[in-house]
$ cat final38.pdb   # PDB, N, CA and C atoms, pLDDT in the B column
ATOM      1  N   MET K   1      12.928   4.081  -9.088  1.00 66.00           N
ATOM      2  CA  MET K   1      12.501   2.719  -9.265  1.00 66.00           C
ATOM      3  C   MET K   1      11.334   2.379  -8.327  1.00 66.00           C
ATOM      4  N   ILE K   2      11.349   2.934  -7.139  1.00 70.00           N
ATOM      5  CA  ILE K   2      10.273   2.607  -6.200  1.00 70.00           C
ATOM      6  C   ILE K   2       8.946   3.207  -6.664  1.00 70.00           C
ATOM      7  N   ARG K   3       9.012   4.284  -7.432  1.00 74.00           N
ATOM      8  CA  ARG K   3       7.783   4.883  -7.953  1.00 74.00           C
ATOM      9  C   ARG K   3       7.070   3.921  -8.891  1.00 74.00           C
ATOM     10  N   ARG K   4       7.848   3.064  -9.542  1.00 78.00           N
ATOM     11  CA  ARG K   4       7.282   2.119 -10.489  1.00 78.00           C
ATOM     12  C   ARG K   4       6.384   1.100  -9.787  1.00 78.00           C
ATOM     13  N   TYR K   5       6.753   0.694  -8.582  1.00 81.00           N
ATOM     14  CA  TYR K   5       6.015  -0.325  -7.850  1.00 81.00           C
ATOM     15  C   TYR K   5       5.198   0.254  -6.694  1.00 81.00           C
ATOM     16  N   ALA K   6       5.061   1.557  -6.634  1.00 80.00           N
ATOM     17  CA  ALA K   6       4.392   2.197  -5.490  1.00 80.00           C
ATOM     18  C   ALA K   6       2.937   1.748  -5.372  1.00 80.00           C
ATOM     19  N   HIS K   7       2.239   1.621  -6.482  1.00 84.00           N
ATOM     20  CA  HIS K   7       0.833   1.218  -6.422  1.00 84.00           C
ATOM     21  C   HIS K   7       0.700  -0.209  -5.897  1.00 84.00           C
ATOM     22  N   LYS K   8       1.548  -1.100  -6.362  1.00 87.00           N
ATOM     23  CA  LYS K   8       1.494  -2.488  -5.895  1.00 87.00           C
ATOM     24  C   LYS K   8       1.868  -2.587  -4.419  1.00 87.00           C
ATOM     25  N   LEU K   9       2.846  -1.807  -3.996  1.00 88.00           N
ATOM     26  CA  LEU K   9       3.234  -1.815  -2.588  1.00 88.00           C
ATOM     27  C   LEU K   9       2.155  -1.191  -1.711  1.00 88.00           C
ATOM     28  N   GLU K  10       1.436  -0.223  -2.262  1.00 90.00           N
ATOM     29  CA  GLU K  10       0.315   0.374  -1.532  1.00 90.00           C
ATOM     30  C   GLU K  10      -0.796  -0.662  -1.333  1.00 90.00           C
ATOM     31  N   LEU K  11      -1.083  -1.431  -2.382  1.00 92.00           N
ATOM     32  CA  LEU K  11      -2.078  -2.497  -2.254  1.00 92.00           C
ATOM     33  C   LEU K  11      -1.622  -3.563  -1.267  1.00 92.00           C
ATOM     34  N   PHE K  12      -0.320  -3.898  -1.298  1.00 93.00           N
ATOM     35  CA  PHE K  12       0.229  -4.866  -0.350  1.00 93.00           C
ATOM     36  C   PHE K  12       0.054  -4.378   1.085  1.00 93.00           C
ATOM     37  N   SER K  13       0.302  -3.100   1.314  1.00 94.00           N
ATOM     38  CA  SER K  13       0.180  -2.581   2.675  1.00 94.00           C
ATOM     39  C   SER K  13      -1.270  -2.595   3.142  1.00 94.00           C
ATOM     40  N   MET K  14      -2.222  -2.391   2.239  1.00 94.00           N
ATOM     41  CA  MET K  14      -3.632  -2.484   2.621  1.00 94.00           C
ATOM     42  C   MET K  14      -3.991  -3.918   3.002  1.00 94.00           C
ATOM     43  N   TRP K  15      -3.518  -4.867   2.217  1.00 96.00           N
ATOM     44  CA  TRP K  15      -3.782  -6.270   2.537  1.00 96.00           C
ATOM     45  C   TRP K  15      -3.078  -6.682   3.823  1.00 96.00           C
ATOM     46  N   LEU K  16      -1.933  -6.090   4.106  1.00 95.00           N
ATOM     47  CA  LEU K  16      -1.237  -6.369   5.358  1.00 95.00           C
ATOM     48  C   LEU K  16      -2.069  -5.898   6.550  1.00 95.00           C
ATOM     49  N   MET K  17      -2.706  -4.741   6.419  1.00 95.00           N
ATOM     50  CA  MET K  17      -3.576  -4.255   7.494  1.00 95.00           C
ATOM     51  C   MET K  17      -4.796  -5.169   7.674  1.00 95.00           C
ATOM     52  N   VAL K  18      -5.361  -5.641   6.566  1.00 96.00           N
ATOM     53  CA  VAL K  18      -6.502  -6.561   6.645  1.00 96.00           C
ATOM     54  C   VAL K  18      -6.070  -7.862   7.320  1.00 96.00           C
ATOM     55  N   PHE K  19      -4.884  -8.347   6.977  1.00 95.00           N
ATOM     56  CA  PHE K  19      -4.361  -9.559   7.611  1.00 95.00           C
ATOM     57  C   PHE K  19      -4.155  -9.341   9.108  1.00 95.00           C
ATOM     58  N   GLY K  20      -3.703  -8.156   9.487  1.00 95.00           N
ATOM     59  CA  GLY K  20      -3.520  -7.851  10.898  1.00 95.00           C
ATOM     60  C   GLY K  20      -4.827  -7.863  11.671  1.00 95.00           C
ATOM     61  N   VAL K  21      -5.880  -7.345  11.065  1.00 95.00           N
ATOM     62  CA  VAL K  21      -7.198  -7.377  11.713  1.00 95.00           C
ATOM     63  C   VAL K  21      -7.676  -8.821  11.845  1.00 95.00           C
ATOM     64  N   ALA K  22      -7.476  -9.607  10.787  1.00 95.00           N
ATOM     65  CA  ALA K  22      -7.870 -11.018  10.849  1.00 95.00           C
ATOM     66  C   ALA K  22      -7.047 -11.763  11.901  1.00 95.00           C
ATOM     67  N   ALA K  23      -5.776 -11.415  12.024  1.00 93.00           N
ATOM     68  CA  ALA K  23      -4.923 -12.057  13.030  1.00 93.00           C
ATOM     69  C   ALA K  23      -5.389 -11.716  14.441  1.00 93.00           C
ATOM     70  N   LEU K  24      -5.876 -10.506  14.635  1.00 94.00           N
ATOM     71  CA  LEU K  24      -6.390 -10.133  15.954  1.00 94.00           C
ATOM     72  C   LEU K  24      -7.702 -10.837  16.284  1.00 94.00           C
ATOM     73  N   CYS K  25      -8.497 -11.106  15.278  1.00 93.00           N
ATOM     74  CA  CYS K  25      -9.824 -11.667  15.529  1.00 93.00           C
ATOM     75  C   CYS K  25      -9.840 -13.181  15.656  1.00 93.00           C
ATOM     76  N   GLN K  26      -8.802 -13.856  15.189  1.00 91.00           N
ATOM     77  CA  GLN K  26      -8.810 -15.322  15.238  1.00 91.00           C
ATOM     78  C   GLN K  26      -8.333 -15.810  16.603  1.00 91.00           C
ATOM     79  N   PRO K  27      -8.928 -16.887  17.130  1.00 89.00           N
ATOM     80  CA  PRO K  27      -8.552 -17.366  18.468  1.00 89.00           C
ATOM     81  C   PRO K  27      -7.613 -18.572  18.477  1.00 89.00           C
ATOM     82  N   TRP K  28      -7.141 -19.064  17.323  1.00 93.00           N
ATOM     83  CA  TRP K  28      -6.452 -20.341  17.280  1.00 93.00           C
ATOM     84  C   TRP K  28      -4.940 -20.247  17.446  1.00 93.00           C
ATOM     85  N   VAL K  29      -4.313 -19.260  16.827  1.00 90.00           N
ATOM     86  CA  VAL K  29      -2.850 -19.153  16.860  1.00 90.00           C
ATOM     87  C   VAL K  29      -2.480 -17.948  17.723  1.00 90.00           C
ATOM     88  N   LEU K  30      -1.885 -18.231  18.861  1.00 90.00           N
ATOM     89  CA  LEU K  30      -1.563 -17.169  19.813  1.00 90.00           C
ATOM     90  C   LEU K  30      -0.515 -16.206  19.256  1.00 90.00           C
ATOM     91  N   LEU K  31       0.430 -16.713  18.470  1.00 89.00           N
ATOM     92  CA  LEU K  31       1.475 -15.854  17.898  1.00 89.00           C
ATOM     93  C   LEU K  31       0.867 -14.786  16.987  1.00 89.00           C
ATOM     94  N   LEU K  32      -0.067 -15.188  16.133  1.00 88.00           N
ATOM     95  CA  LEU K  32      -0.720 -14.204  15.254  1.00 88.00           C
ATOM     96  C   LEU K  32      -1.522 -13.197  16.072  1.00 88.00           C
ATOM     97  N   HIS K  33      -2.210 -13.681  17.096  1.00 90.00           N
ATOM     98  CA  HIS K  33      -3.002 -12.782  17.937  1.00 90.00           C
ATOM     99  C   HIS K  33      -2.094 -11.803  18.688  1.00 90.00           C
ATOM    100  N   SER K  34      -0.927 -12.269  19.096  1.00 91.00           N
ATOM    101  CA  SER K  34      -0.001 -11.410  19.836  1.00 91.00           C
ATOM    102  C   SER K  34       0.565 -10.295  18.967  1.00 91.00           C
ATOM    103  N   TYR K  35       0.832 -10.595  17.706  1.00 93.00           N
ATOM    104  CA  TYR K  35       1.441  -9.618  16.808  1.00 93.00           C
ATOM    105  C   TYR K  35       0.439  -8.945  15.877  1.00 93.00           C
ATOM    106  N   GLY K  36      -0.840  -9.132  16.092  1.00 92.00           N
ATOM    107  CA  GLY K  36      -1.858  -8.550  15.214  1.00 92.00           C
ATOM    108  C   GLY K  36      -1.794  -7.035  15.155  1.00 92.00           C
ATOM    109  N   ALA K  37      -1.668  -6.380  16.307  1.00 94.00           N
ATOM    110  CA  ALA K  37      -1.600  -4.913  16.325  1.00 94.00           C
ATOM    111  C   ALA K  37      -0.302  -4.418  15.688  1.00 94.00           C
ATOM    112  N   THR K  38       0.782  -5.157  15.861  1.00 95.00           N
ATOM    113  CA  THR K  38       2.052  -4.789  15.227  1.00 95.00           C
ATOM    114  C   THR K  38       1.959  -4.903  13.713  1.00 95.00           C
ATOM    115  N   ILE K  39       1.271  -5.937  13.233  1.00 95.00           N
ATOM    116  CA  ILE K  39       1.085  -6.119  11.789  1.00 95.00           C
ATOM    117  C   ILE K  39       0.253  -4.979  11.224  1.00 95.00           C
ATOM    118  N   ILE K  40      -0.803  -4.588  11.928  1.00 95.00           N
ATOM    119  CA  ILE K  40      -1.637  -3.467  11.478  1.00 95.00           C
ATOM    120  C   ILE K  40      -0.815  -2.181  11.434  1.00 95.00           C
ATOM    121  N   LEU K  41      -0.017  -1.953  12.460  1.00 96.00           N
ATOM    122  CA  LEU K  41       0.809  -0.745  12.512  1.00 96.00           C
ATOM    123  C   LEU K  41       1.840  -0.726  11.387  1.00 96.00           C
ATOM    124  N   ALA K  42       2.449  -1.867  11.102  1.00 96.00           N
ATOM    125  CA  ALA K  42       3.415  -1.939   9.993  1.00 96.00           C
ATOM    126  C   ALA K  42       2.726  -1.643   8.663  1.00 96.00           C
ATOM    127  N   GLY K  43       1.532  -2.187   8.468  1.00 95.00           N
ATOM    128  CA  GLY K  43       0.787  -1.907   7.239  1.00 95.00           C
ATOM    129  C   GLY K  43       0.402  -0.447   7.128  1.00 95.00           C
ATOM    130  N   LEU K  44       0.046   0.165   8.241  1.00 96.00           N
ATOM    131  CA  LEU K  44      -0.316   1.580   8.238  1.00 96.00           C
ATOM    132  C   LEU K  44       0.880   2.465   7.896  1.00 96.00           C
ATOM    133  N   ILE K  45       2.025   2.152   8.460  1.00 95.00           N
ATOM    134  CA  ILE K  45       3.235   2.929   8.160  1.00 95.00           C
ATOM    135  C   ILE K  45       3.621   2.764   6.702  1.00 95.00           C
ATOM    136  N   LEU K  46       3.578   1.528   6.194  1.00 92.00           N
ATOM    137  CA  LEU K  46       3.903   1.303   4.784  1.00 92.00           C
ATOM    138  C   LEU K  46       2.915   2.021   3.871  1.00 92.00           C
ATOM    139  N   PHE K  47       1.637   2.003   4.231  1.00 93.00           N
ATOM    140  CA  PHE K  47       0.642   2.698   3.416  1.00 93.00           C
ATOM    141  C   PHE K  47       0.918   4.191   3.377  1.00 93.00           C
ATOM    142  N   ASN K  48       1.255   4.770   4.508  1.00 94.00           N
ATOM    143  CA  ASN K  48       1.562   6.206   4.533  1.00 94.00           C
ATOM    144  C   ASN K  48       2.783   6.543   3.699  1.00 94.00           C
ATOM    145  N   ILE K  49       3.741   5.661   3.651  1.00 90.00           N
ATOM    146  CA  ILE K  49       4.941   5.906   2.845  1.00 90.00           C
ATOM    147  C   ILE K  49       4.629   5.771   1.358  1.00 90.00           C
ATOM    148  N   PHE K  50       4.035   4.646   0.964  1.00 87.00           N
ATOM    149  CA  PHE K  50       3.861   4.365  -0.457  1.00 87.00           C
ATOM    150  C   PHE K  50       2.724   5.143  -1.100  1.00 87.00           C
ATOM    151  N   SER K  51       1.792   5.642  -0.325  1.00 87.00           N
ATOM    152  CA  SER K  51       0.722   6.438  -0.925  1.00 87.00           C
ATOM    153  C   SER K  51       1.199   7.845  -1.285  1.00 87.00           C
ATOM    154  N   ARG K  52       2.352   8.239  -0.810  1.00 86.00           N
ATOM    155  CA  ARG K  52       2.901   9.563  -1.142  1.00 86.00           C
ATOM    156  C   ARG K  52       3.574   9.595  -2.514  1.00 86.00           C
ATOM    157  N   PHE K  53       3.986   8.444  -3.016  1.00 80.00           N
ATOM    158  CA  PHE K  53       4.666   8.391  -4.309  1.00 80.00           C
ATOM    159  C   PHE K  53       3.655   8.484  -5.434  1.00 80.00           C
ATOM    160  N   LYS K  54       3.932   9.347  -6.392  1.00 78.00           N
ATOM    161  CA  LYS K  54       3.094   9.431  -7.573  1.00 78.00           C
ATOM    162  C   LYS K  54       3.618   8.432  -8.596  1.00 78.00           C
ATOM    163  N   PRO K  55       2.725   7.791  -9.337  1.00 71.00           N
ATOM    164  CA  PRO K  55       3.208   6.854 -10.353  1.00 71.00           C
ATOM    165  C   PRO K  55       3.926   7.613 -11.468  1.00 71.00           C
ATOM    166  N   PRO K  56       4.909   6.983 -12.103  1.00 70.00           N
ATOM    167  CA  PRO K  56       5.616   7.668 -13.194  1.00 70.00           C
ATOM    168  C   PRO K  56       4.674   7.906 -14.367  1.00 70.00           C
ATOM    169  N   GLN K  57       4.882   9.024 -15.041  1.00 74.00           N
ATOM    170  CA  GLN K  57       4.029   9.345 -16.178  1.00 74.00           C
ATOM    171  C   GLN K  57       4.481   8.556 -17.397  1.00 74.00           C
ATOM    172  N   THR K  58       3.505   8.050 -18.122  1.00 71.00           N
ATOM    173  CA  THR K  58       3.810   7.347 -19.366  1.00 71.00           C
ATOM    174  C   THR K  58       3.811   8.351 -20.500  1.00 71.00           C
ATOM    175  N   LYS K  59       4.278   7.924 -21.647  1.00 69.00           N
ATOM    176  CA  LYS K  59       4.320   8.832 -22.794  1.00 69.00           C
ATOM    177  C   LYS K  59       2.919   9.217 -23.244  1.00 69.00           C
ATOM    178  N   LEU K  60       1.955   8.318 -23.092  1.00 68.00           N
ATOM    179  CA  LEU K  60       0.585   8.636 -23.482  1.00 68.00           C
ATOM    180  C   LEU K  60       0.004   9.733 -22.602  1.00 68.00           C
ATOM    181  N   SER K  61       0.237   9.652 -21.301  1.00 61.00           N
ATOM    182  CA  SER K  61      -0.311  10.678 -20.418  1.00 61.00           C
ATOM    183  C   SER K  61       0.415  12.011 -20.600  1.00 61.00           C
ATOM    184  N   GLN K  62       1.698  11.976 -20.943  1.00 63.00           N
ATOM    185  CA  GLN K  62       2.424  13.211 -21.210  1.00 63.00           C
ATOM    186  C   GLN K  62       1.903  13.863 -22.487  1.00 63.00           C
ATOM    187  N   ASN K  63       1.633  13.056 -23.509  1.00 62.00           N
ATOM    188  CA  ASN K  63       1.095  13.599 -24.758  1.00 62.00           C
ATOM    189  C   ASN K  63      -0.309  14.159 -24.560  1.00 62.00           C
ATOM    190  N   ALA K  64      -1.095  13.515 -23.722  1.00 60.00           N
ATOM    191  CA  ALA K  64      -2.444  13.999 -23.446  1.00 60.00           C
ATOM    192  C   ALA K  64      -2.416  15.341 -22.719  1.00 60.00           C
ATOM    193  N   GLU K  65      -1.461  15.505 -21.807  1.00 61.00           N
ATOM    194  CA  GLU K  65      -1.341  16.782 -21.095  1.00 61.00           C
ATOM    195  C   GLU K  65      -0.945  17.902 -22.038  1.00 61.00           C
ATOM    196  N   HIS K  66      -0.016  17.607 -22.952  1.00 62.00           N
ATOM    197  CA  HIS K  66       0.437  18.645 -23.886  1.00 62.00           C
ATOM    198  C   HIS K  66      -0.666  19.010 -24.891  1.00 62.00           C
ATOM    199  N   SER K  67      -1.440  18.028 -25.340  1.00 61.00           N
ATOM    200  CA  SER K  67      -2.483  18.331 -26.316  1.00 61.00           C
ATOM    201  C   SER K  67      -3.659  19.043 -25.659  1.00 61.00           C
ATOM    202  N   SER K  68      -3.941  18.769 -24.382  1.00 59.00           N
ATOM    203  CA  SER K  68      -5.046  19.459 -23.723  1.00 59.00           C
ATOM    204  C   SER K  68      -4.665  20.878 -23.329  1.00 59.00           C
ATOM    205  N   ALA K  69      -3.372  21.169 -23.199  1.00 55.00           N
ATOM    206  CA  ALA K  69      -2.917  22.503 -22.846  1.00 55.00           C
ATOM    207  C   ALA K  69      -2.996  23.460 -24.034  1.00 55.00           C
ATOM    208  N   ASP K  70      -3.004  22.894 -25.247  1.00 51.00           N
ATOM    209  CA  ASP K  70      -3.059  23.745 -26.457  1.00 51.00           C
ATOM    210  C   ASP K  70      -4.400  24.345 -26.708  1.00 51.00           C
TER     211      ASP K  70
END
$ encode --input "final38.pdb" --output "structure tokens"
Amino acid sequence: MIRRYAHKLELFSMWLMVFGVAALCQPWVLLLHSYGATIILAGLILFNIFSRFKPPQTKLSQNAEHSSAD
């Protein structure tokens, strides 16, 4: 089931890293600035996990593989 949402979770983790960089660069909210590096690290760990999952093959891609092998 997680393979089904791996691409979306990978995109989420990239945006989480971008948010962490923005949190580090902003001077207004001390809480965000304090946890900016932690947010970046969490996004990096999630990206490393979810980028390893291959998306499930659809019937169209399976048929294309079989027809190109012939």
$ residues_around --input "final38.pdb" --residues "His33 in chain K" --least-positions-apart "5" --cutoff "7 Å" --atoms "all atoms listed in the file" --output "list of chain:residue names"
K:Ala23, K:Leu24, K:Cys25, K:Gln26
$ atom_distance --input "final38.pdb" --atom1 "atom C of His7 in chain K" --atom2 "atom C of Ser34 in chain K"
26.8 Å
$ residues_around --input "final38.pdb" --residues "Leu46 in chain K" --least-positions-apart "4" --cutoff "8 Å" --atoms "all atoms listed in the file" --output "list in words"
Leu9, Glu10, Phe12, Ser13, Met14, Ile40, Leu41, Ala42, Phe50, Ser51 and Arg52 of chain K
$ closest_residue --input "final38.pdb" --among "K:Ile49, K:Leu11, K:Val21, K:Ile2" --to "Gly36 in chain K" --atoms "all atoms listed in the file"
K:Val21
$ atom_distance --input "final38.pdb" --atom1 "CA of Tyr35 in chain K" --atom2 "CA of Trp15 in chain K"
15.6 Å
$ atom_distance --input "final38.pdb" --atom1 "atom C of Trp28 in chain K" --atom2 "CA of Ile45 in chain K"
26.3 Å
$ resolve_selection --input "final38.pdb" --expression "the PyMOL selection byres ((chain K and resi 56) around 6)" --output "list in words"
Arg3, Arg4, Lys54, Pro55, Gln57 and Thr58 of chain K
